[in-house]
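J.: Below is the file protein.pdb, which contains PDB, C-alpha atoms and all ligand atoms.
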ATOM      1  CA  MET A   1      -5.448  32.569 -15.263  1.00  0.00           C
ATOM      2  CA  PRO A   2      -2.367  31.029 -13.714  1.00  0.00           C
ATOM      3  CA  LEU A   3      -2.271  28.635 -10.826  1.00  0.00           C
ATOM      4  CA  LEU A   4      -0.292  30.131  -7.978  1.00  0.00           C
ATOM      5  CA  ASP A   5       2.468  28.355  -6.078  1.00  0.00           C
ATOM      6  CA  ILE A   6       1.427  27.495  -2.543  1.00  0.00           C
ATOM      7  CA  LEU A   7       4.218  28.088  -0.022  1.00  0.00           C
ATOM      8  CA  GLN A   8       5.114  24.954   1.906  1.00  0.00           C
ATOM      9  CA  TYR A   9       6.023  24.613   5.577  1.00  0.00           C
ATOM     10  CA  PRO A  10       8.659  25.359   6.858  1.00  0.00           C
ATOM     11  CA  ASP A  11       8.968  28.257   4.368  1.00  0.00           C
ATOM     12  CA  PRO A  12       9.628  31.327   6.561  1.00  0.00           C
ATOM     13  CA  ARG A  13       7.398  33.501   4.355  1.00  0.00           C
ATOM     14  CA  LEU A  14       4.422  31.661   5.873  1.00  0.00           C
ATOM     15  CA  ARG A  15       5.331  33.465   9.099  1.00  0.00           C
ATOM     16  CA  THR A  16       4.676  36.937   7.669  1.00  0.00           C
ATOM     17  CA  LYS A  17       1.987  39.025   9.304  1.00  0.00           C
ATOM     18  CA  ALA A  18      -0.153  40.367   6.450  1.00  0.00           C
ATOM     19  CA  LYS A  19      -1.027  44.058   6.103  1.00  0.00           C
ATOM     20  CA  PRO A  20      -4.575  45.370   5.756  1.00  0.00           C
ATOM     21  CA  VAL A  21      -5.957  45.799   2.250  1.00  0.00           C
ATOM     22  CA  THR A  22      -6.308  49.534   1.603  1.00  0.00           C
ATOM     23  CA  ASN A  23      -7.408  49.446  -2.005  1.00  0.00           C
ATOM     24  CA  ILE A  24      -9.728  47.075  -3.861  1.00  0.00           C
ATOM     25  CA  ASP A  25      -8.415  47.342  -7.395  1.00  0.00           C
ATOM     26  CA  ASP A  26      -8.022  45.236 -10.542  1.00  0.00           C
ATOM     27  CA  GLU A  27      -4.843  43.689  -9.228  1.00  0.00           C
ATOM     28  CA  LEU A  28      -6.577  42.461  -6.081  1.00  0.00           C
ATOM     29  CA  ARG A  29      -9.527  41.149  -8.103  1.00  0.00           C
ATOM     30  CA  ARG A  30      -7.113  39.255 -10.346  1.00  0.00           C
ATOM     31  CA  GLN A  31      -5.292  37.811  -7.331  1.00  0.00           C
ATOM     32  CA  VAL A  32      -8.604  36.638  -5.882  1.00  0.00           C
ATOM     33  CA  GLU A  33      -9.556  34.932  -9.180  1.00  0.00           C
ATOM     34  CA  ASP A  34      -6.175  33.182  -9.261  1.00  0.00           C
ATOM     35  CA  MET A  35      -6.602  32.111  -5.652  1.00  0.00           C
ATOM     36  CA  TYR A  36     -10.040  30.622  -6.364  1.00  0.00           C
ATOM     37  CA  GLU A  37      -8.549  28.619  -9.205  1.00  0.00           C
ATOM     38  CA  THR A  38      -5.574  27.538  -7.102  1.00  0.00           C
ATOM     39  CA  MET A  39      -7.832  26.530  -4.189  1.00  0.00           C
ATOM     40  CA  TYR A  40     -10.124  24.430  -6.416  1.00  0.00           C
ATOM     41  CA  HIS A  41      -7.189  22.832  -8.196  1.00  0.00           C
ATOM     42  CA  ALA A  42      -5.606  21.865  -4.864  1.00  0.00           C
ATOM     43  CA  GLN A  43      -9.013  20.746  -3.512  1.00  0.00           C
ATOM     44  CA  GLY A  44      -8.712  22.942  -0.461  1.00  0.00           C
ATOM     45  CA  LEU A  45     -11.561  24.435   1.529  1.00  0.00           C
ATOM     46  CA  GLY A  46      -9.782  27.746   1.912  1.00  0.00           C
ATOM     47  CA  LEU A  47      -6.673  29.621   0.917  1.00  0.00           C
ATOM     48  CA  ALA A  48      -5.183  32.683   2.583  1.00  0.00           C
ATOM     49  CA  ALA A  49      -3.190  35.273   0.624  1.00  0.00           C
ATOM     50  CA  THR A  50      -0.139  34.569   2.811  1.00  0.00           C
ATOM     51  CA  GLN A  51      -0.009  31.027   1.421  1.00  0.00           C
ATOM     52  CA  VAL A  52       0.543  32.334  -2.114  1.00  0.00           C
ATOM     53  CA  ASN A  53       3.116  34.880  -0.966  1.00  0.00           C
ATOM     54  CA  ILE A  54       0.752  37.865  -1.055  1.00  0.00           C
ATOM     55  CA  HIS A  55       1.040  39.577   2.301  1.00  0.00           C
ATOM     56  CA  GLN A  56      -2.276  41.352   2.475  1.00  0.00           C
ATOM     57  CA  ARG A  57      -5.223  40.511   4.661  1.00  0.00           C
ATOM     58  CA  PHE A  58      -7.675  38.485   2.600  1.00  0.00           C
ATOM     59  CA  PHE A  59      -8.609  34.863   2.047  1.00  0.00           C
ATOM     60  CA  VAL A  60     -10.888  32.786  -0.115  1.00  0.00           C
ATOM     61  CA  MET A  61     -12.952  29.731   0.790  1.00  0.00           C
ATOM     62  CA  ASP A  62     -15.679  27.473  -0.493  1.00  0.00           C
ATOM     63  CA  LEU A  63     -17.454  25.116   1.892  1.00  0.00           C
ATOM     64  CA  SER A  64     -20.237  24.121  -0.489  1.00  0.00           C
ATOM     65  CA  GLU A  65     -20.623  20.495  -1.496  1.00  0.00           C
ATOM     66  CA  LYS A  66     -20.600  21.270  -5.203  1.00  0.00           C
ATOM     67  CA  ARG A  67     -17.639  23.623  -4.870  1.00  0.00           C
ATOM     68  CA  ASP A  68     -19.471  26.394  -6.662  1.00  0.00           C
ATOM     69  CA  GLN A  69     -19.868  29.028  -3.948  1.00  0.00           C
ATOM     70  CA  PRO A  70     -16.564  30.854  -3.663  1.00  0.00           C
ATOM     71  CA  VAL A  71     -16.312  33.498  -0.997  1.00  0.00           C
ATOM     72  CA  CYS A  72     -13.646  36.148  -0.525  1.00  0.00           C
ATOM     73  CA  VAL A  73     -13.188  37.945   2.788  1.00  0.00           C
ATOM     74  CA  ILE A  74     -11.102  41.120   2.887  1.00  0.00           C
ATOM     75  CA  ASN A  75      -9.653  42.457   6.148  1.00  0.00           C
ATOM     76  CA  PRO A  76     -11.276  39.734   8.264  1.00  0.00           C
ATOM     77  CA  GLU A  77     -11.570  40.397  11.952  1.00  0.00           C
ATOM     78  CA  ILE A  78     -12.864  37.984  14.561  1.00  0.00           C
ATOM     79  CA  LEU A  79     -15.007  40.136  16.845  1.00  0.00           C
ATOM     80  CA  SER A  80     -15.942  37.474  19.331  1.00  0.00           C
ATOM     81  CA  GLN A  81     -15.781  33.761  19.863  1.00  0.00           C
ATOM     82  CA  GLU A  82     -17.429  31.322  22.187  1.00  0.00           C
ATOM     83  CA  GLY A  83     -17.502  27.657  23.100  1.00  0.00           C
ATOM     84  CA  SER A  84     -15.094  25.106  21.777  1.00  0.00           C
ATOM     85  CA  GLN A  85     -14.966  22.263  19.296  1.00  0.00           C
ATOM     86  CA  ASP A  86     -12.334  19.721  18.383  1.00  0.00           C
ATOM     87  CA  ASP A  87     -11.810  18.842  14.793  1.00  0.00           C
ATOM     88  CA  PHE A  88      -9.239  17.599  12.325  1.00  0.00           C
ATOM     89  CA  HIS A  89      -7.260  20.189  10.460  1.00  0.00           C
ATOM     90  CA  GLY A  90      -5.219  19.863   7.345  1.00  0.00           C
ATOM     91  CA  CYS A  91      -3.598  22.629   5.368  1.00  0.00           C
ATOM     92  CA  LEU A  92      -2.460  23.096   1.771  1.00  0.00           C
ATOM     93  CA  SER A  93       0.807  24.526   3.135  1.00  0.00           C
ATOM     94  CA  VAL A  94       1.554  21.646   5.481  1.00  0.00           C
ATOM     95  CA  GLY A  95       1.476  18.666   3.173  1.00  0.00           C
ATOM     96  CA  ALA A  96      -0.957  16.100   1.918  1.00  0.00           C
ATOM     97  CA  GLY A  97      -2.200  13.582   4.411  1.00  0.00           C
ATOM     98  CA  ILE A  98      -1.039  15.514   7.452  1.00  0.00           C
ATOM     99  CA  SER A  99      -3.794  16.507   9.796  1.00  0.00           C
ATOM    100  CA  ASP A 100      -4.406  16.572  13.485  1.00  0.00           C
ATOM    101  CA  LYS A 101      -7.103  17.389  15.955  1.00  0.00           C
ATOM    102  CA  ILE A 102      -7.027  20.855  17.424  1.00  0.00           C
ATOM    103  CA  LYS A 103      -9.325  22.894  19.582  1.00  0.00           C
ATOM    104  CA  ARG A 104     -11.196  25.850  18.109  1.00  0.00           C
ATOM    105  CA  ALA A 105     -13.977  28.176  19.161  1.00  0.00           C
ATOM    106  CA  ALA A 106     -17.383  26.725  18.295  1.00  0.00           C
ATOM    107  CA  LYS A 107     -18.918  30.023  17.263  1.00  0.00           C
ATOM    108  CA  VAL A 108     -17.322  33.154  15.889  1.00  0.00           C
ATOM    109  CA  ARG A 109     -18.537  36.556  14.896  1.00  0.00           C
ATOM    110  CA  LEU A 110     -16.616  37.713  11.829  1.00  0.00           C
ATOM    111  CA  LYS A 111     -16.371  41.161  10.379  1.00  0.00           C
ATOM    112  CA  GLY A 112     -15.062  41.630   6.851  1.00  0.00           C
ATOM    113  CA  MET A 113     -15.505  43.220   3.477  1.00  0.00           C
ATOM    114  CA  ASP A 114     -16.414  41.719   0.112  1.00  0.00           C
ATOM    115  CA  LEU A 115     -14.804  42.457  -3.258  1.00  0.00           C
ATOM    116  CA  GLU A 116     -17.189  45.356  -3.807  1.00  0.00           C
ATOM    117  CA  GLY A 117     -15.914  46.962  -0.628  1.00  0.00           C
ATOM    118  CA  LYS A 118     -19.141  46.272   1.215  1.00  0.00           C
ATOM    119  CA  ALA A 119     -18.716  45.568   4.938  1.00  0.00           C
ATOM    120  CA  PHE A 120     -20.488  42.625   6.555  1.00  0.00           C
ATOM    121  CA  GLU A 121     -20.715  40.707   9.807  1.00  0.00           C
ATOM    122  CA  TRP A 122     -21.280  36.965   9.932  1.00  0.00           C
ATOM    123  CA  GLU A 123     -22.174  34.668  12.796  1.00  0.00           C
ATOM    124  CA  LEU A 124     -20.554  31.322  12.022  1.00  0.00           C
ATOM    125  CA  GLU A 125     -20.356  27.903  13.605  1.00  0.00           C
ATOM    126  CA  GLY A 126     -19.229  24.371  12.791  1.00  0.00           C
ATOM    127  CA  LEU A 127     -16.889  23.928   9.853  1.00  0.00           C
ATOM    128  CA  ALA A 128     -17.268  27.543   8.727  1.00  0.00           C
ATOM    129  CA  ALA A 129     -16.096  28.774  12.139  1.00  0.00           C
ATOM    130  CA  ILE A 130     -13.118  26.407  12.028  1.00  0.00           C
ATOM    131  CA  CYS A 131     -12.175  27.474   8.529  1.00  0.00           C
ATOM    132  CA  ILE A 132     -12.345  31.190   9.356  1.00  0.00           C
ATOM    133  CA  GLN A 133     -10.109  30.768  12.400  1.00  0.00           C
ATOM    134  CA  HIS A 134      -7.636  28.756  10.322  1.00  0.00           C
ATOM    135  CA  GLU A 135      -7.449  31.382   7.553  1.00  0.00           C
ATOM    136  CA  VAL A 136      -7.175  34.339   9.939  1.00  0.00           C
ATOM    137  CA  ASP A 137      -4.314  32.475  11.645  1.00  0.00           C
ATOM    138  CA  HIS A 138      -2.523  32.277   8.279  1.00  0.00           C
ATOM    139  CA  LEU A 139      -2.777  36.046   7.869  1.00  0.00           C
ATOM    140  CA  ASN A 140      -1.077  36.361  11.251  1.00  0.00           C
ATOM    141  CA  GLY A 141       1.705  33.951  10.269  1.00  0.00           C
ATOM    142  CA  ILE A 142       0.303  31.072  12.322  1.00  0.00           C
ATOM    143  CA  LEU A 143      -0.089  27.474  11.126  1.00  0.00           C
ATOM    144  CA  PHE A 144      -2.454  24.886  12.592  1.00  0.00           C
ATOM    145  CA  ILE A 145       0.494  22.800  13.738  1.00  0.00           C
ATOM    146  CA  ASP A 146       1.533  25.652  16.049  1.00  0.00           C
ATOM    147  CA  HIS A 147      -1.483  24.706  18.171  1.00  0.00           C
ATOM    148  CA  LEU A 148      -0.135  21.167  18.698  1.00  0.00           C
ATOM    149  CA  SER A 149       2.263  19.897  21.349  1.00  0.00           C
ATOM    150  CA  ARG A 150       5.998  20.185  20.635  1.00  0.00           C
ATOM    151  CA  LEU A 151       6.223  16.432  20.340  1.00  0.00           C
ATOM    152  CA  LYS A 152       3.529  16.299  17.689  1.00  0.00           C
ATOM    153  CA  GLN A 153       5.067  19.219  15.808  1.00  0.00           C
ATOM    154  CA  GLU A 154       8.401  17.416  15.770  1.00  0.00           C
ATOM    155  CA  ARG A 155       6.780  14.256  14.469  1.00  0.00           C
ATOM    156  CA  ILE A 156       5.062  16.171  11.673  1.00  0.00           C
ATOM    157  CA  ARG A 157       8.280  17.936  10.712  1.00  0.00           C
ATOM    158  CA  LYS A 158      10.102  14.614  10.424  1.00  0.00           C
ATOM    159  CA  LYS A 159       7.282  13.105   8.401  1.00  0.00           C
ATOM    160  CA  ILE A 160       7.379  16.019   5.964  1.00  0.00           C
ATOM    161  CA  GLU A 161      11.165  15.865   5.616  1.00  0.00           C
ATOM    162  CA  LYS A 162      11.001  12.165   4.887  1.00  0.00           C
ATOM    163  CA  PHE A 163       8.222  12.682   2.356  1.00  0.00           C
ATOM    164  CA  ARG A 164      10.176  15.417   0.558  1.00  0.00           C
ATOM    165  CA  ARG A 165      13.289  13.236   0.404  1.00  0.00           C
ATOM    166  CA  GLN A 166      11.263  10.452  -1.176  1.00  0.00           C
ATOM    167  CA  GLU A 167       9.786  12.921  -3.639  1.00  0.00           C
ATOM    168  CA  GLN A 168      13.238  14.059  -4.709  1.00  0.00           C
ATOM    169  CA  ALA A 169      14.681  10.564  -5.000  1.00  0.00           C
TER     170      ALA A 169
HETATM  171 NI    NI B   1      -4.108  26.377   5.828  1.00  0.00          NI
END
Write out the structure in this file as structure tokens.
Ligand code: NI

T.:
Amino acid sequence: MPLLDILQYPDPRLRTKAKPVTNIDDELRRQVEDMYETMYHAQGLGLAATQVNIHQRFFVMDLSEKRDQPVCVINPEILSQEGSQDDFHGCLSVGAGISDKIKRAAKVRLKGMDLEGKAFEWELEGLAAICIQHEVDHLNGILFIDHLSRLKQERIRKKIEKFRRQEQA
């Protein structure tokens, strides 16, 4: 199974709003397997289809300590959210070492479907709630840095540009 390329900010394809999955077929199952592998290889907690240039509404994540409990959520929908929490966010599409504190709902109710096409509803809090909100944002073309002040966004952009120049040198 191949590792997939993860799109990097400011790639405009990261701004695509993904379309609902209408068919769970072999192709989708293969894409999910590749995304698991890519997520583990990159040591990320989650990966949305948008980040690997697949513009359909699904994401994968694994929040377990041993990294052996992969989860795939198809057509995720946040039904309700309450409270707030502040935590540090990083993102495989924004660059290593770049993270910042942003505000998220403390609790979310998530509706989705698994790879067998079975619908479910989850009540999530803590890190799981943060992760879900982050991945659903991706499917809507939103990055965590969009939630920061303009000044901070500018600083991050400059940092990334500098880092890329050093990488190329
Ligand atoms: Ni991300």

J.: Show me, as CSV, the residues of chain A having an atom within 6 Å of ligand NI 1 (chain B), each with the closest atom pair and its distance in Å, using only C-alpha atoms and all ligand atoms.

T.:
residue,atom,partner,partner_atom,distance
A:Cys91,CA,B:NI1,NI,3.8
A:Leu92,CA,B:NI1,NI,5.5
A:Ser93,CA,B:NI1,NI,5.9

J.: Do you know which residues the PyMOL selection byres (((chain A and resi 28) around 12) and not hetatm) returns on this file, as a ChimeraX atom specification?

T.: /A:21-27,29-35,49,54-59,72-74,114-117

J.: In Å to one decimal, how far is atom CA of A:Thr50 from atom CA of A:Glu135?

T.: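 Separation of atom CA of A:Glu135 and atom CA of A:Thr50: 9.3 Å.
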
J.: Give me the residues within 12 Å of stretch 151-157 of chain A as a PyMOL selection string, counting all atoms listed in the file and dropping any in the same chain fewer than 2 places off.

T.: chain A and resi 8-10+90+94-102+143-149+159-164

J.: Identify the residues around (-19.1, 28.3, 16.7) within a radius of 8 Å, measuring from all atoms listed in the file in the coordinates stated by the file, and give them as a PDB file with C-alpha atoms, in the frame of the given file.

T.:
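Output file selection_29.pdb follows:
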ATOM      1  CA  GLN A  81     -15.781  33.761  19.863  1.00  0.00           C
ATOM      2  CA  GLU A  82     -17.429  31.322  22.187  1.00  0.00           C
ATOM      3  CA  GLY A  83     -17.502  27.657  23.100  1.00  0.00           C
ATOM      4  CA  SER A  84     -15.094  25.106  21.777  1.00  0.00           C
ATOM      5  CA  GLN A  85     -14.966  22.263  19.296  1.00  0.00           C
ATOM      6  CA  ALA A 105     -13.977  28.176  19.161  1.00  0.00           C
ATOM      7  CA  ALA A 106     -17.383  26.725  18.295  1.00  0.00           C
ATOM      8  CA  LYS A 107     -18.918  30.023  17.263  1.00  0.00           C
ATOM      9  CA  VAL A 108     -17.322  33.154  15.889  1.00  0.00           C
ATOM     10  CA  LEU A 124     -20.554  31.322  12.022  1.00  0.00           C
ATOM     11  CA  GLU A 125     -20.356  27.903  13.605  1.00  0.00           C
ATOM     12  CA  GLY A 126     -19.229  24.371  12.791  1.00  0.00           C
ATOM     13  CA  ALA A 129     -16.096  28.774  12.139  1.00  0.00           C
ATOM     14  CA  ILE A 130     -13.118  26.407  12.028  1.00  0.00           C
TER      15      ILE A 130
END

J.: Could you check how far atom CA of A:Phe88 sits from atom CA of A:Glu37, in Å to one decimal?

T.: 24.2 Å

J.: Just want the 7 Å neighbourhood of A:Trp122, counted on all atoms listed in the file, with same-chain residues fewer than 4 positions away dropped. Output as a ChimeraX atom specification.

T.: /A:109-111

J.: Can you pull out every residue within 9 Å of A:Leu45, counting all atoms listed in the file, but drop anything in the same chain fewer than 5 positions away, and send it as a PDB file with C-alpha atoms, keeping the file's coordinate frame?

T.:
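The resulting result.pdb:
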ATOM      1  CA  MET A  39      -7.832  26.530  -4.189  1.00  0.00           C
ATOM      2  CA  TYR A  40     -10.124  24.430  -6.416  1.00  0.00           C
ATOM      3  CA  VAL A  60     -10.888  32.786  -0.115  1.00  0.00           C
ATOM      4  CA  MET A  61     -12.952  29.731   0.790  1.00  0.00           C
ATOM      5  CA  ASP A  62     -15.679  27.473  -0.493  1.00  0.00           C
ATOM      6  CA  LEU A  63     -17.454  25.116   1.892  1.00  0.00           C
ATOM      7  CA  SER A  64     -20.237  24.121  -0.489  1.00  0.00           C
ATOM      8  CA  ARG A  67     -17.639  23.623  -4.870  1.00  0.00           C
ATOM      9  CA  CYS A 131     -12.175  27.474   8.529  1.00  0.00           C
TER      10      CYS A 131
END

J.: Would you mind listing what lies within 7 Å of A:Gly141 as a PyMOL selection string, with only C-alpha atoms counted and same-chain residues fewer than 2 positions away left out?

T.: chain A and resi 14-17+137-139+143

J.: Give the answer as one residue: which of A:Gln51, A:Asp11, A:Tyr36, A:Lys19 has the shortest atom-to-atom distance to A:Asp68, using only C-alpha atoms?

T.: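 The shortest atom-to-atom distance to A:Asp68 comes from A:Tyr36.
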
J.: So how many Å separate atom CA of A:Phe120 and atom CA of A:Asn75, to one decimal?

T.: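 About the pair atom CA of A:Phe120 and atom CA of A:Asn75: they are 10.8 Å apart.
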
J.: Looking at A:Gln69, A:Ser80, A:Gln133, A:Gln166, which one is nearest to A:Ala48, with distances taken over all atoms listed in the file?

T.: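 The answer is A:Gln133, which sits nearest to A:Ala48.
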
J.: Give the answer as one residue: which of A:Pro2, A:Gly112, A:Pro12, A:Pro20 has the shortest atom-to-atom distance to A:His41, using all atoms listed in the file?

T.: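 With all atoms listed in the file as the atom set, the closest residue is A:Pro2.
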
J.: Closest to A:Val136 among A:Lys103, A:Lys66, A:Ile78, A:Glu123, using all atoms listed in the file?

T.: A:Ile78

J.: Kindly indicate which residue among A:Ala18, A:Ala119, A:Leu4, A:Leu127 lies nearest to A:Ile142, using all atoms listed in the file for the distances.

T.: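 Closest residue, counting all atoms listed in the file: A:Ala18.
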